[in-house]
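Peer 1: File query_28.csv below, CSV, C-alpha atoms:
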chain,number,residue,atom,x,y,z
A,1,MET,CA,-3.9,30.7,52.1
A,2,LYS,CA,-0.7,32.1,50.6
A,3,LYS,CA,1.0,28.9,51.5
A,4,ILE,CA,-1.7,26.8,49.8
A,5,MET,CA,-1.4,28.9,46.6
A,6,THR,CA,2.4,28.5,46.6
A,7,ILE,CA,2.2,24.7,47.1
A,8,ALA,CA,-0.4,24.5,44.3
A,9,LEU,CA,1.7,26.6,42.0
A,10,ILE,CA,4.8,24.6,42.7
A,11,GLY,CA,2.8,21.4,42.1
A,12,LEU,CA,1.4,22.6,38.8
A,13,THR,CA,4.8,23.8,37.7
A,14,THR,CA,6.5,20.6,38.6
A,15,GLY,CA,3.8,18.6,36.8
A,16,LEU,CA,4.2,20.7,33.7
A,17,MET,CA,8.0,20.4,33.8
A,18,LEU,CA,7.8,16.6,34.2
A,19,GLY,CA,5.4,16.3,31.3
A,20,CYS,CA,7.6,18.4,29.1
A,21,HIS,CA,10.8,16.5,29.9
A,22,GLN,CA,9.5,13.0,29.0
A,23,ALA,CA,11.9,11.1,26.8
A,24,ALA,CA,11.0,11.4,23.2
A,25,PRO,CA,10.2,8.1,21.6
A,26,ALA,CA,13.1,6.6,19.8
A,27,THR,CA,12.8,7.2,16.0
A,28,PRO,CA,13.0,3.9,14.1
A,29,SER,CA,16.1,3.3,12.1
A,30,HIS,CA,14.0,2.4,9.2
A,31,ARG,CA,10.6,3.5,8.1
A,32,THR,CA,8.0,1.2,6.7
A,33,ARG,CA,5.8,2.3,3.9
A,34,THR,CA,2.8,0.4,2.7
A,35,VAL,CA,1.8,1.0,-0.9
A,36,ILE,CA,-1.5,-0.2,-2.1
A,37,SER,CA,-1.5,-0.6,-5.8
A,38,SER,CA,-3.8,-2.2,-8.2
A,39,LYS,CA,-2.7,-4.4,-11.1
A,40,GLN,CA,-4.3,-5.1,-14.4
A,41,TYR,CA,-3.0,-8.5,-15.5
A,42,THR,CA,-3.8,-9.9,-18.9
A,43,THR,CA,-5.1,-13.4,-19.4
A,44,THR,CA,-1.6,-14.5,-20.4
A,45,GLU,CA,-0.1,-13.0,-17.3
A,46,LEU,CA,-2.8,-14.7,-15.2
A,47,GLN,CA,-2.0,-18.0,-17.0
A,48,ALA,CA,1.7,-17.6,-16.0
A,49,ARG,CA,0.5,-17.2,-12.3
A,50,PHE,CA,-1.6,-20.3,-12.8
A,51,THR,CA,1.5,-22.2,-13.9
A,52,LYS,CA,3.5,-20.8,-11.1
A,53,VAL,CA,1.0,-21.9,-8.5
A,54,THR,CA,0.8,-25.4,-10.0
A,55,ASP,CA,4.6,-25.8,-10.2
A,56,ALA,CA,5.0,-24.7,-6.6
A,57,ALA,CA,2.4,-27.2,-5.4
A,58,VAL,CA,3.5,-30.1,-7.6
A,59,LYS,CA,7.2,-30.0,-6.9
A,60,PRO,CA,6.9,-31.4,-3.3
A,61,LEU,CA,4.4,-34.0,-4.5
A,62,ASP,CA,6.8,-35.0,-7.2
A,63,LEU,CA,9.6,-35.4,-4.7
A,64,ALA,CA,7.4,-37.4,-2.3
A,65,SER,CA,6.4,-39.7,-5.1
A,66,TYR,CA,10.0,-40.4,-5.9
A,67,GLN,CA,10.5,-41.0,-2.1
A,68,GLN,CA,13.1,-38.3,-1.7
A,69,ALA,CA,14.5,-37.4,1.7
A,70,ASP,CA,12.1,-35.6,4.1
A,71,THR,CA,14.5,-32.6,4.2
A,72,LYS,CA,14.2,-32.2,0.5
A,73,ILE,CA,10.4,-32.5,0.6
A,74,LYS,CA,10.1,-30.0,3.5
A,75,ALA,CA,12.4,-27.5,1.7
A,76,ALA,CA,10.2,-27.8,-1.4
A,77,ILE,CA,7.1,-27.3,0.7
A,78,LYS,CA,8.6,-24.2,2.3
A,79,ALA,CA,9.7,-22.8,-1.0
A,80,GLY,CA,6.3,-23.6,-2.6
A,81,THR,CA,4.5,-21.9,0.3
A,82,ALA,CA,6.6,-18.8,-0.1
A,83,THR,CA,5.8,-18.8,-3.9
A,84,LEU,CA,2.1,-19.2,-3.2
A,85,THR,CA,2.2,-16.3,-0.7
A,86,ALA,CA,3.9,-14.0,-3.3
A,87,VAL,CA,1.5,-15.0,-6.0
A,88,ARG,CA,-1.5,-14.4,-3.7
A,89,LEU,CA,-0.3,-10.8,-3.0
A,90,GLN,CA,-0.2,-10.3,-6.8
A,91,LEU,CA,-3.6,-11.7,-7.4
A,92,VAL,CA,-5.5,-9.8,-4.7
A,93,SER,CA,-4.5,-6.5,-6.3
A,94,ASN,CA,-5.6,-7.6,-9.8
A,95,GLN,CA,-8.5,-5.5,-11.3
A,96,THR,CA,-9.0,-7.4,-14.5
A,97,GLU,CA,-10.7,-10.8,-15.2
A,98,PRO,CA,-12.5,-10.9,-11.8
A,99,ALA,CA,-13.9,-14.4,-12.3
A,100,LEU,CA,-10.5,-15.9,-13.3
A,101,THR,CA,-8.7,-14.0,-10.5
A,102,LYS,CA,-11.2,-15.4,-7.9
A,103,ALA,CA,-10.8,-18.9,-9.3
A,104,LEU,CA,-7.0,-18.6,-9.1
A,105,ILE,CA,-7.1,-17.3,-5.5
A,106,ALA,CA,-9.3,-20.3,-4.5
A,107,TYR,CA,-6.9,-22.6,-6.4
A,108,LEU,CA,-4.0,-21.1,-4.6
A,109,GLU,CA,-5.6,-21.5,-1.2
A,110,THR,CA,-6.4,-25.2,-1.9
A,111,ALA,CA,-2.7,-25.6,-3.0
A,112,THR,CA,-1.6,-24.0,0.3
A,113,LYS,CA,-3.9,-26.3,2.4
A,114,MET,CA,-2.6,-29.3,0.4
A,115,LEU,CA,1.0,-28.5,1.2
A,116,GLN,CA,0.2,-27.8,4.8
A,117,ALA,CA,-1.4,-31.2,5.1
A,118,LEU,CA,1.6,-32.8,3.4
A,119,ALA,CA,4.0,-31.2,5.8
A,120,ALA,CA,1.9,-32.2,8.8
A,121,GLY,CA,1.5,-35.8,7.6
A,122,GLU,CA,-2.3,-35.5,7.7
A,123,GLN,CA,-3.1,-38.1,5.1
A,124,ALA,CA,-6.9,-37.7,5.0
A,125,THR,CA,-6.7,-33.9,4.7
A,126,PHE,CA,-4.0,-34.2,2.1
A,127,ASN,CA,-6.1,-36.6,0.0
A,128,THR,CA,-9.1,-34.3,0.2
A,129,GLN,CA,-7.1,-31.2,-0.7
A,130,ALA,CA,-5.1,-33.0,-3.5
A,131,LYS,CA,-8.4,-34.1,-5.1
A,132,ALA,CA,-9.8,-30.5,-4.9
A,133,PHE,CA,-6.5,-29.1,-6.3
A,134,SER,CA,-6.6,-31.5,-9.3
A,135,THR,CA,-10.3,-30.7,-9.9
A,136,GLN,CA,-9.7,-27.0,-9.8
A,137,CYS,CA,-6.7,-27.2,-12.0
A,138,SER,CA,-8.6,-29.1,-14.7
A,139,ARG,CA,-11.6,-26.7,-14.4
A,140,ILE,CA,-9.5,-23.5,-14.6
A,141,GLY,CA,-7.5,-24.9,-17.6
A,142,ARG,CA,-10.6,-25.9,-19.4
A,143,GLN,CA,-12.7,-22.8,-18.6
A,144,TYR,CA,-10.1,-20.0,-19.0
A,145,PHE,CA,-7.1,-21.4,-21.0
A,146,LYS,CA,-8.6,-23.5,-23.8
A,147,GLY,CA,-7.9,-26.7,-22.0
A,148,GLN,CA,-4.2,-26.0,-21.5
A,149,LEU,CA,-2.7,-27.3,-18.2
A,150,PRO,CA,0.7,-26.6,-16.8
A,151,GLU,CA,3.3,-29.1,-17.9
A,152,SER,CA,4.2,-30.0,-14.3
A,153,ILE,CA,0.7,-31.3,-13.5
A,154,VAL,CA,0.4,-33.1,-16.8
A,155,ASN,CA,3.8,-34.9,-16.3
A,156,TYR,CA,3.0,-35.7,-12.6
A,157,SER,CA,-0.4,-37.1,-13.4
A,158,GLN,CA,0.8,-39.3,-16.2
A,159,ARG,CA,3.6,-40.7,-14.1
A,160,VAL,CA,1.5,-41.3,-11.0
A,161,SER,CA,-1.4,-42.9,-13.0
A,162,LYS,CA,0.9,-45.6,-14.5
In structure tokens, how does this file's structure come out?

Peer 2:
Amino acid sequence: MKKIMTIALIGLTTGLMLGCHQAAPATPSHRTRTVISSKQYTTTELQARFTKVTDAAVKPLDLASYQQADTKIKAAIKAGTATLTAVRLQLVSNQTEPALTKALIAYLETATKMLQALAAGEQATFNTQAKAFSTQCSRIGRQYFKGQLPESIVNYSQRVSK
């Protein structure tokens, strides 16, 4: 009995010692901190984001219409997509103008799908998304910005329709 108690005590002690001497997890060399903040953009600030989204989406279309090199078009698509991602992060935290903000986010998502279709060479999807993009752009400009459209879309539309 004494032998069993000694073995049990040694086993328990060994288990505790092994548990206590486990390697501590390495501390990360940098710490990540997520800050959730809300924004309160004015209509003018939201119009600037509308223009930014439009410019980011139209630049690759413009390059493609001028039959520029694929590398230039793909670089413009990549830059445009990065811009759209950044603007989306700004819009989702906006607390003012909920209808306009919602419309801008939907517009931005259409622009993203349009650029993805352009990059993938999916002509049918591109045509559908481009039409939706144009329709949303006109509706947002008319409904929220007194009919004003970003210069990039006006110039592109005039040039392509000739």

Peer 1: Residues within 9 Å of Ala106 of chain A, please, as a list in words. Count only C-alpha atoms; anything in the same chain fewer than 5 positions from it doesn't count.

Peer 2: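 In the requested format, the answer is Thr101, Ala111 and Gln136 of chain A.
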
Peer 1: I need the chosen residues saved as a PDB file, in the frame of the given file, with C-alpha atoms.

Peer 2:
ATOM      1  CA  THR A 101      -8.700 -14.000 -10.500  1.00  0.00           C
ATOM      2  CA  ALA A 111      -2.700 -25.600  -3.000  1.00  0.00           C
ATOM      3  CA  GLN A 136      -9.700 -27.000  -9.800  1.00  0.00           C
TER       4      GLN A 136
END

Peer 1: Leaving out Thr51 of chain A and any residue of its chain fewer than 6 positions from it, which residues lie within 9 Å of it when counting only C-alpha atoms, given as number ranges by chain?

Peer 2: A: 149-152

Peer 1: Interatomic distance between atom CA of Thr83 of chain A and atom CA of Ala56 of chain A?

Peer 2: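 That distance, rounded to one decimal, is 6.5 Å.
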
Peer 1: Between A:Gln123, A:Thr81, A:Thr110, A:Thr54, which one has atoms that come closest to Tyr156 of chain A, using only C-alpha atoms?

Peer 2: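 Under the stated criterion, the closest residue is A:Thr54.
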
Peer 1: Would you please work out which residue, of A:Thr96, A:Gln143, A:Gln148, A:Ser157, is nearest to Lys39 of chain A when using all atoms listed in the file?

Peer 2: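 Distance minimum relative to Lys39 of chain A lands on A:Thr96.
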
Peer 1: Can you pull out every residue within 10 Å of Phe133 of chain A, counting only C-alpha atoms, but drop anything in the same chain fewer than 4 positions away, and send it as number ranges by chain?

Peer 2: A: 54, 57, 106-114, 127-129, 137-139

Peer 1: State, in Å with one decimal place, the distance from atom CA of Ile140 of chain A to atom CA of Gln158 of chain A.

Peer 2: 18.9 Å

Peer 1: So, with all atoms listed in the file as the atoms that count, which of A:Val58, A:Leu104, A:Ala120, A:Val160 lies closest to Gln90 of chain A?

Peer 2: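 Answer, going by the shortest atom-to-atom distance: A:Leu104.
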
Peer 1: If we count all atoms listed in the file, what is near Ala117 of chain A at a cut-off of 6 Å, once residues fewer than 5 positions away on the same chain are taken out, given as a list in words?

Peer 2: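 Those residues are Glu122, Thr125 and Phe126 of chain A.
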
Peer 1: Any idea what's packed within 12 Å of Ala82 of chain A, counting only C-alpha atoms, ignoring anything in its chain fewer than 2 positions away? Could you give it as a ChimeraX atom specification?

Peer 2: /A:52-53,56-57,75-80,84-89,108,111-112,115
